[in-house]
Amino acid sequence: EAGVVQSPRYKIIEKKQPVAFWCNPISGHNTLYWYLQNLGQGPELLIRYENEEAVDDSQLPKDRFSAERLKGVDSTLKIQPAELGDSAVYLCASSLDGQGRGEQYFGPGTRLTVT
Amino acid sequence: AQKVTQAQTEISVVEKEDVTLDCVYETRDTTYYLFWYKQPPSGELVFLIRRNSFDEQNEISGRYSWNFQKSTSSFNFTITASQVVDSAVYFCALSAWNTGNQFYFGTGTSLTVIP
């Protein structure tokens, strides 16, 4: 069974440019998460989807970040415009159980460098 | 508020030594879940174990064991006879019912096993 797929794995952009990350969760997993992980820190939740509905986006900086999961399967996270402080690893995870009881399966992440 | 503390930032052990990684959590919820994840140098977080708040039974899986103690709000992880492949960053995480089951990760403990 394929795991969580993310692309690209690495992205280098100049500040003020837009960037997008893509995630395809494990087949059948209705719950999808986007996390941000800074160096030396644990992942921090940005947004959680149950199917196509964003049920928790309280941590998403909505002035520059947006996300969508139109058909309840794959998802895109966008930053526009990017700032130097956005340099981090962006992780996508999925789970069968959206109630937080189940384990989350993580993708390899996208390492973003903003110059 | 929910919080996970991993006080050990870095640990180094010689191969075959036992090592315990500490995790202390804070929550007012009576229903919650605790997790351990491993993040090897490749970057992908790997699920190790889940425990719910009603099950304080300790668990052993091969060289891994977990000690859950509600009285001290701790969920410690022990690796017996450590191996070089155990070198990674280990994260403890908490998910609580009354906060929408959002995952809270600790800052991680970086384990280096020296051959």
# chains A, B, ... in the order shown; residues from 1 in each chain; ligands from 1
$ select_by_dssp --residues "range 9-108 of chain B" --states "strand (DSSP E or B)" --output "PyMOL selection string"
chain B and resi 10-14+19-21+24-26+32-39+46-52+59-61+64-69+74-79+88-96+103-105
$ write_last_selection --atoms "N, CA and C atoms" --output "compact mmCIF listing (two decimals), in the first residue's frame"
# COMPACT_ATOMS: atom_id res chain seq x y z
N GLU B 10 19.06 16.09 23.64
CA GLU B 10 19.94 15.15 22.94
C GLU B 10 20.45 14.09 23.92
N ILE B 11 20.51 12.87 23.42
CA ILE B 11 21.07 11.77 24.22
C ILE B 11 22.01 10.98 23.34
N SER B 12 23.15 10.60 23.90
CA SER B 12 24.08 9.71 23.20
C SER B 12 24.33 8.48 24.07
N VAL B 13 24.25 7.33 23.45
CA VAL B 13 24.53 6.08 24.17
C VAL B 13 25.41 5.22 23.28
N VAL B 14 26.10 4.31 23.91
CA VAL B 14 26.91 3.35 23.17
C VAL B 14 26.02 2.17 22.82
N VAL B 19 18.29 2.79 26.93
CA VAL B 19 18.09 4.23 27.02
C VAL B 19 16.60 4.51 27.21
N THR B 20 16.29 5.49 28.06
CA THR B 20 14.89 5.88 28.30
C THR B 20 14.69 7.32 27.88
N LEU B 21 13.67 7.53 27.08
CA LEU B 21 13.29 8.87 26.64
C LEU B 21 12.07 9.31 27.44
N VAL B 24 6.59 14.11 29.42
CA VAL B 24 5.63 14.56 30.44
C VAL B 24 4.57 15.39 29.73
N TYR B 25 3.32 15.13 30.04
CA TYR B 25 2.24 15.83 29.34
C TYR B 25 1.35 16.57 30.33
N GLU B 26 0.64 17.55 29.80
CA GLU B 26 -0.33 18.31 30.60
C GLU B 26 -1.64 18.37 29.84
N TYR B 32 -7.91 11.27 26.55
CA TYR B 32 -6.82 11.73 25.68
C TYR B 32 -6.02 10.54 25.18
N TYR B 33 -5.16 10.82 24.20
CA TYR B 33 -4.35 9.77 23.58
C TYR B 33 -2.91 10.24 23.53
N LEU B 34 -2.02 9.34 23.75
CA LEU B 34 -0.59 9.62 23.72
C LEU B 34 0.08 8.79 22.64
N PHE B 35 1.06 9.39 22.00
CA PHE B 35 1.72 8.74 20.87
C PHE B 35 3.23 8.94 20.98
N TRP B 36 3.95 8.01 20.37
CA TRP B 36 5.38 8.20 20.13
C TRP B 36 5.63 8.01 18.63
N TYR B 37 6.44 8.94 18.08
CA TYR B 37 6.85 8.87 16.68
C TYR B 37 8.36 8.92 16.61
N LYS B 38 8.90 8.27 15.58
CA LYS B 38 10.33 8.28 15.30
C LYS B 38 10.56 9.04 14.00
N GLN B 39 11.54 9.95 14.00
CA GLN B 39 11.90 10.67 12.79
C GLN B 39 13.37 10.41 12.48
N VAL B 46 7.58 8.26 11.71
CA VAL B 46 7.08 6.89 11.74
C VAL B 46 6.35 6.65 13.06
N PHE B 47 5.12 6.19 12.96
CA PHE B 47 4.31 5.91 14.15
C PHE B 47 4.89 4.71 14.90
N LEU B 48 4.98 4.83 16.22
CA LEU B 48 5.48 3.73 17.05
C LEU B 48 4.39 3.14 17.92
N ILE B 49 3.65 4.00 18.65
CA ILE B 49 2.66 3.48 19.58
C ILE B 49 1.60 4.53 19.89
N ARG B 50 0.42 4.06 20.25
CA ARG B 50 -0.67 4.90 20.75
C ARG B 50 -1.19 4.31 22.05
N ARG B 51 -1.50 5.21 22.99
CA ARG B 51 -2.07 4.79 24.26
C ARG B 51 -3.24 5.71 24.57
N ASN B 52 -4.37 5.16 25.06
CA ASN B 52 -5.44 6.03 25.50
C ASN B 52 -5.40 6.19 27.01
N GLU B 59 3.47 -1.49 27.78
CA GLU B 59 3.54 -2.30 26.57
C GLU B 59 4.97 -2.55 26.17
N ILE B 60 5.20 -3.74 25.64
CA ILE B 60 6.52 -4.11 25.16
C ILE B 60 6.37 -4.61 23.73
N SER B 61 7.25 -4.11 22.88
CA SER B 61 7.27 -4.57 21.50
C SER B 61 8.72 -4.76 21.09
N TYR B 64 11.48 -2.36 22.30
CA TYR B 64 10.82 -1.13 22.73
C TYR B 64 9.84 -1.44 23.87
N SER B 65 9.78 -0.53 24.83
CA SER B 65 8.77 -0.64 25.87
C SER B 65 8.34 0.76 26.28
N TRP B 66 7.09 0.84 26.74
CA TRP B 66 6.52 2.12 27.12
C TRP B 66 5.92 2.02 28.52
N ASN B 67 6.18 3.05 29.32
CA ASN B 67 5.68 3.11 30.69
C ASN B 67 4.77 4.32 30.83
N PHE B 68 3.47 4.06 30.96
CA PHE B 68 2.48 5.13 31.05
C PHE B 68 2.05 5.24 32.52
N GLN B 69 2.26 6.40 33.12
CA GLN B 69 1.87 6.61 34.52
C GLN B 69 1.05 7.90 34.62
N SER B 74 3.23 10.96 32.86
CA SER B 74 4.41 10.63 32.06
C SER B 74 4.13 9.44 31.15
N PHE B 75 4.81 9.43 30.04
CA PHE B 75 4.68 8.35 29.07
C PHE B 75 6.06 8.12 28.49
N ASN B 76 6.88 7.39 29.24
CA ASN B 76 8.29 7.23 28.89
C ASN B 76 8.52 6.03 27.97
N PHE B 77 9.56 6.14 27.20
CA PHE B 77 9.87 5.17 26.14
C PHE B 77 11.28 4.63 26.38
N THR B 78 11.41 3.32 26.47
CA THR B 78 12.71 2.69 26.70
C THR B 78 13.09 1.81 25.54
N ILE B 79 14.32 1.99 25.08
CA ILE B 79 14.89 1.10 24.06
C ILE B 79 15.92 0.24 24.76
N ALA B 88 17.84 8.60 15.83
CA ALA B 88 16.74 9.36 15.23
C ALA B 88 16.29 10.41 16.23
N VAL B 89 15.33 11.21 15.80
CA VAL B 89 14.65 12.11 16.74
C VAL B 89 13.32 11.47 17.08
N TYR B 90 13.02 11.42 18.36
CA TYR B 90 11.80 10.79 18.83
C TYR B 90 10.86 11.85 19.40
N PHE B 91 9.62 11.80 18.95
CA PHE B 91 8.62 12.77 19.39
C PHE B 91 7.52 12.07 20.17
N CYS B 92 7.12 12.71 21.25
CA CYS B 92 5.96 12.32 22.01
C CYS B 92 4.84 13.28 21.63
N ALA B 93 3.60 12.79 21.54
CA ALA B 93 2.49 13.66 21.14
C ALA B 93 1.24 13.34 21.96
N LEU B 94 0.41 14.36 22.10
CA LEU B 94 -0.82 14.26 22.89
C LEU B 94 -2.00 14.71 22.03
N SER B 95 -3.09 13.98 22.14
CA SER B 95 -4.33 14.36 21.47
C SER B 95 -5.43 14.30 22.51
N ALA B 96 -6.14 15.41 22.70
CA ALA B 96 -7.15 15.47 23.76
C ALA B 96 -8.53 15.69 23.18
N PHE B 103 -3.40 17.35 17.58
CA PHE B 103 -2.16 16.76 18.04
C PHE B 103 -1.21 17.84 18.54
N TYR B 104 -0.65 17.60 19.73
CA TYR B 104 0.39 18.46 20.28
C TYR B 104 1.66 17.63 20.39
N PHE B 105 2.69 18.07 19.71
CA PHE B 105 3.95 17.36 19.74
C PHE B 105 4.92 18.02 20.71
$ residues_around --residues "Arg63 in chain B" --least-positions-apart "5" --cutoff "10 Å" --atoms "only C-alpha atoms" --output "list in words"
Asp18, Thr78, Ile79, Thr80, Ala81, Ser82 and Gln83 of chain B
$ write_last_selection --atoms "N, CA, C and O atoms" --output "PDB file, in the first residue's frame"
ATOM      1  N   ASP B  18      20.930   0.393  27.255  1.00  0.00           N
ATOM      2  CA  ASP B  18      19.520   0.734  27.320  1.00  0.00           C
ATOM      3  C   ASP B  18      19.388   2.251  27.456  1.00  0.00           C
ATOM      4  O   ASP B  18      20.254   2.909  28.052  1.00  0.00           O
ATOM      5  N   THR B  78      11.409   3.323  26.467  1.00  0.00           N
ATOM      6  CA  THR B  78      12.707   2.691  26.705  1.00  0.00           C
ATOM      7  C   THR B  78      13.090   1.808  25.539  1.00  0.00           C
ATOM      8  O   THR B  78      12.280   1.014  25.054  1.00  0.00           O
ATOM      9  N   ILE B  79      14.320   1.987  25.080  1.00  0.00           N
ATOM     10  CA  ILE B  79      14.888   1.103  24.064  1.00  0.00           C
ATOM     11  C   ILE B  79      15.923   0.238  24.762  1.00  0.00           C
ATOM     12  O   ILE B  79      16.868   0.769  25.380  1.00  0.00           O
ATOM     13  N   THR B  80      15.760  -1.043  24.668  1.00  0.00           N
ATOM     14  CA  THR B  80      16.684  -1.999  25.283  1.00  0.00           C
ATOM     15  C   THR B  80      17.709  -2.440  24.245  1.00  0.00           C
ATOM     16  O   THR B  80      17.360  -2.642  23.080  1.00  0.00           O
ATOM     17  N   ALA B  81      18.936  -2.555  24.686  1.00  0.00           N
ATOM     18  CA  ALA B  81      20.010  -3.013  23.785  1.00  0.00           C
ATOM     19  C   ALA B  81      20.009  -2.186  22.502  1.00  0.00           C
ATOM     20  O   ALA B  81      19.784  -2.710  21.410  1.00  0.00           O
ATOM     21  N   SER B  82      20.243  -0.903  22.638  1.00  0.00           N
ATOM     22  CA  SER B  82      20.137   0.030  21.516  1.00  0.00           C
ATOM     23  C   SER B  82      21.043  -0.373  20.351  1.00  0.00           C
ATOM     24  O   SER B  82      22.095  -1.006  20.534  1.00  0.00           O
ATOM     25  N   GLN B  83      20.590   0.010  19.159  1.00  0.00           N
ATOM     26  CA  GLN B  83      21.339  -0.261  17.930  1.00  0.00           C
ATOM     27  C   GLN B  83      21.535   1.050  17.174  1.00  0.00           C
ATOM     28  O   GLN B  83      20.780   2.007  17.367  1.00  0.00           O
TER      29      GLN B  83
END
$ interface_residues --of "chain A" --to "chain B" --cutoff "12 Å" --atoms "only C-alpha atoms" --output "VMD selection string"
chain A and resid 3 to 6 9 33 to 49 55 to 59 89 to 95 97 to 111
$ write_last_selection --atoms "N, CA and C atoms" --output "tab-separated table (two decimals), in the first residue's frame"
chain	number	residue	atom	x	y	z
A	3	GLY	N	2.21	4.95	0.68
A	3	GLY	CA	2.10	5.84	1.81
A	3	GLY	C	1.63	7.20	1.37
A	4	VAL	N	1.77	8.16	2.25
A	4	VAL	CA	1.42	9.54	1.94
A	4	VAL	C	2.46	10.10	0.98
A	5	VAL	N	1.99	10.67	-0.11
A	5	VAL	CA	2.89	11.20	-1.12
A	5	VAL	C	2.86	12.72	-1.08
A	6	GLN	N	4.04	13.31	-1.09
A	6	GLN	CA	4.14	14.77	-1.13
A	6	GLN	C	5.08	15.19	-2.25
A	9	ARG	N	9.77	17.59	-3.05
A	9	ARG	CA	10.49	17.29	-1.81
A	9	ARG	C	11.27	18.50	-1.34
A	33	TYR	N	-4.02	16.16	7.30
A	33	TYR	CA	-3.42	17.22	8.12
A	33	TYR	C	-2.25	17.85	7.37
A	34	TRP	N	-2.11	19.13	7.55
A	34	TRP	CA	-0.90	19.84	7.14
A	34	TRP	C	-0.21	20.37	8.40
A	35	TYR	N	1.08	20.09	8.50
A	35	TYR	CA	1.89	20.56	9.63
A	35	TYR	C	3.06	21.37	9.11
A	36	LEU	N	3.55	22.21	9.98
A	36	LEU	CA	4.80	22.93	9.74
A	36	LEU	C	5.80	22.47	10.79
A	37	GLN	N	7.02	22.16	10.36
A	37	GLN	CA	8.05	21.75	11.31
A	37	GLN	C	9.29	22.61	11.12
A	38	ASN	N	9.58	23.39	12.14
A	38	ASN	CA	10.82	24.17	12.14
A	38	ASN	C	11.95	23.31	12.68
A	39	LEU	N	13.16	23.69	12.35
A	39	LEU	CA	14.34	22.94	12.76
A	39	LEU	C	14.40	22.81	14.28
A	40	GLY	N	14.55	21.59	14.75
A	40	GLY	CA	14.66	21.37	16.18
A	40	GLY	C	13.35	21.42	16.94
A	41	GLN	N	12.26	21.44	16.21
A	41	GLN	CA	10.94	21.53	16.85
A	41	GLN	C	10.06	20.37	16.40
A	42	GLY	N	8.98	20.17	17.14
A	42	GLY	CA	8.00	19.19	16.72
A	42	GLY	C	7.06	19.80	15.70
A	43	PRO	N	6.33	18.96	14.98
A	43	PRO	CA	5.36	19.47	14.01
A	43	PRO	C	4.27	20.30	14.69
A	44	GLU	N	3.83	21.33	14.01
A	44	GLU	CA	2.74	22.17	14.49
A	44	GLU	C	1.62	22.14	13.46
A	45	LEU	N	0.42	21.89	13.93
A	45	LEU	CA	-0.71	21.75	13.01
A	45	LEU	C	-1.06	23.09	12.35
A	46	LEU	N	-1.23	23.03	11.04
A	46	LEU	CA	-1.72	24.20	10.30
A	46	LEU	C	-3.22	24.06	10.02
A	47	ILE	N	-3.61	22.89	9.52
A	47	ILE	CA	-5.01	22.70	9.15
A	47	ILE	C	-5.33	21.22	9.13
A	48	ARG	N	-6.59	20.90	9.46
A	48	ARG	CA	-7.06	19.52	9.42
A	48	ARG	C	-8.32	19.44	8.59
A	49	TYR	N	-8.38	18.46	7.70
A	49	TYR	CA	-9.54	18.23	6.86
A	49	TYR	C	-10.22	16.92	7.24
A	55	VAL	N	-11.91	21.34	9.15
A	55	VAL	CA	-12.57	21.35	10.46
A	55	VAL	C	-11.74	22.06	11.52
A	56	ASP	N	-10.47	22.28	11.24
A	56	ASP	CA	-9.62	23.01	12.19
A	56	ASP	C	-8.56	23.75	11.40
A	57	ASP	N	-8.74	25.05	11.24
A	57	ASP	CA	-7.74	25.87	10.54
A	57	ASP	C	-7.32	27.04	11.41
A	58	SER	N	-7.49	26.89	12.71
A	58	SER	CA	-7.22	27.99	13.63
A	58	SER	C	-5.75	28.41	13.65
A	59	GLN	N	-4.86	27.50	13.29
A	59	GLN	CA	-3.43	27.81	13.31
A	59	GLN	C	-2.90	28.25	11.95
A	89	VAL	N	9.99	22.78	7.07
A	89	VAL	CA	9.50	21.58	6.41
A	89	VAL	C	7.99	21.53	6.58
A	90	TYR	N	7.29	21.30	5.47
A	90	TYR	CA	5.83	21.22	5.50
A	90	TYR	C	5.45	19.74	5.35
A	91	LEU	N	4.80	19.25	6.38
A	91	LEU	CA	4.45	17.83	6.44
A	91	LEU	C	2.96	17.63	6.21
A	92	CYS	N	2.65	16.58	5.50
A	92	CYS	CA	1.27	16.17	5.31
A	92	CYS	C	1.09	14.82	6.00
A	93	ALA	N	-0.04	14.62	6.63
A	93	ALA	CA	-0.33	13.35	7.28
A	93	ALA	C	-1.78	12.98	7.03
A	94	SER	N	-2.07	11.70	7.14
A	94	SER	CA	-3.45	11.27	7.01
A	94	SER	C	-3.76	10.19	8.04
A	95	SER	N	-5.02	10.04	8.34
A	95	SER	CA	-5.43	9.00	9.27
A	95	SER	C	-6.82	8.51	8.91
A	97	ASP	N	-8.94	7.60	11.33
A	97	ASP	CA	-9.79	8.08	12.41
A	97	ASP	C	-9.60	9.57	12.58
A	98	GLY	N	-10.61	10.35	12.29
A	98	GLY	CA	-10.51	11.79	12.41
A	98	GLY	C	-10.73	12.33	13.79
A	99	GLN	N	-10.95	11.45	14.73
A	99	GLN	CA	-11.22	11.91	16.09
A	99	GLN	C	-9.96	12.01	16.92
A	100	GLY	N	-8.82	11.86	16.29
A	100	GLY	CA	-7.56	11.99	17.02
A	100	GLY	C	-7.17	10.75	17.77
A	101	ARG	N	-7.99	9.70	17.63
A	101	ARG	CA	-7.65	8.48	18.36
A	101	ARG	C	-6.68	7.61	17.59
A	102	GLY	N	-6.70	7.82	16.27
A	102	GLY	CA	-5.90	6.94	15.45
A	102	GLY	C	-4.55	7.55	15.13
A	103	GLU	N	-3.63	6.66	14.78
A	103	GLU	CA	-2.31	7.14	14.45
A	103	GLU	C	-2.36	7.89	13.12
A	104	GLN	N	-1.48	8.84	12.98
A	104	GLN	CA	-1.34	9.58	11.75
A	104	GLN	C	-0.14	9.05	10.98
A	105	TYR	N	-0.28	8.97	9.68
A	105	TYR	CA	0.79	8.53	8.81
A	105	TYR	C	1.31	9.75	8.05
A	106	PHE	N	2.61	9.94	8.13
A	106	PHE	CA	3.22	11.15	7.58
A	106	PHE	C	3.89	10.90	6.24
A	107	GLY	N	3.86	11.93	5.42
A	107	GLY	CA	4.64	11.92	4.20
A	107	GLY	C	6.06	12.38	4.48
A	108	PRO	N	6.92	12.38	3.45
A	108	PRO	CA	8.33	12.75	3.64
A	108	PRO	C	8.55	14.23	3.84
A	109	GLY	N	7.53	15.05	3.55
A	109	GLY	CA	7.65	16.48	3.75
A	109	GLY	C	8.21	17.22	2.55
A	110	THR	N	7.96	18.51	2.53
A	110	THR	CA	8.55	19.42	1.55
A	110	THR	C	9.40	20.43	2.32
A	111	ARG	N	10.68	20.45	1.99
A	111	ARG	CA	11.57	21.40	2.65
A	111	ARG	C	11.59	22.68	1.84
$ closest_residue --among "A:Val73, A:Ile79, A:Ala88, A:Leu32" --to "Pro61 in chain A" --atoms "only C-alpha atoms"
A:Ile79
$ atom_distance --atom1 "CA of Phe54 in chain B" --atom2 "CA of Glu50 in chain A"
25.8 Å
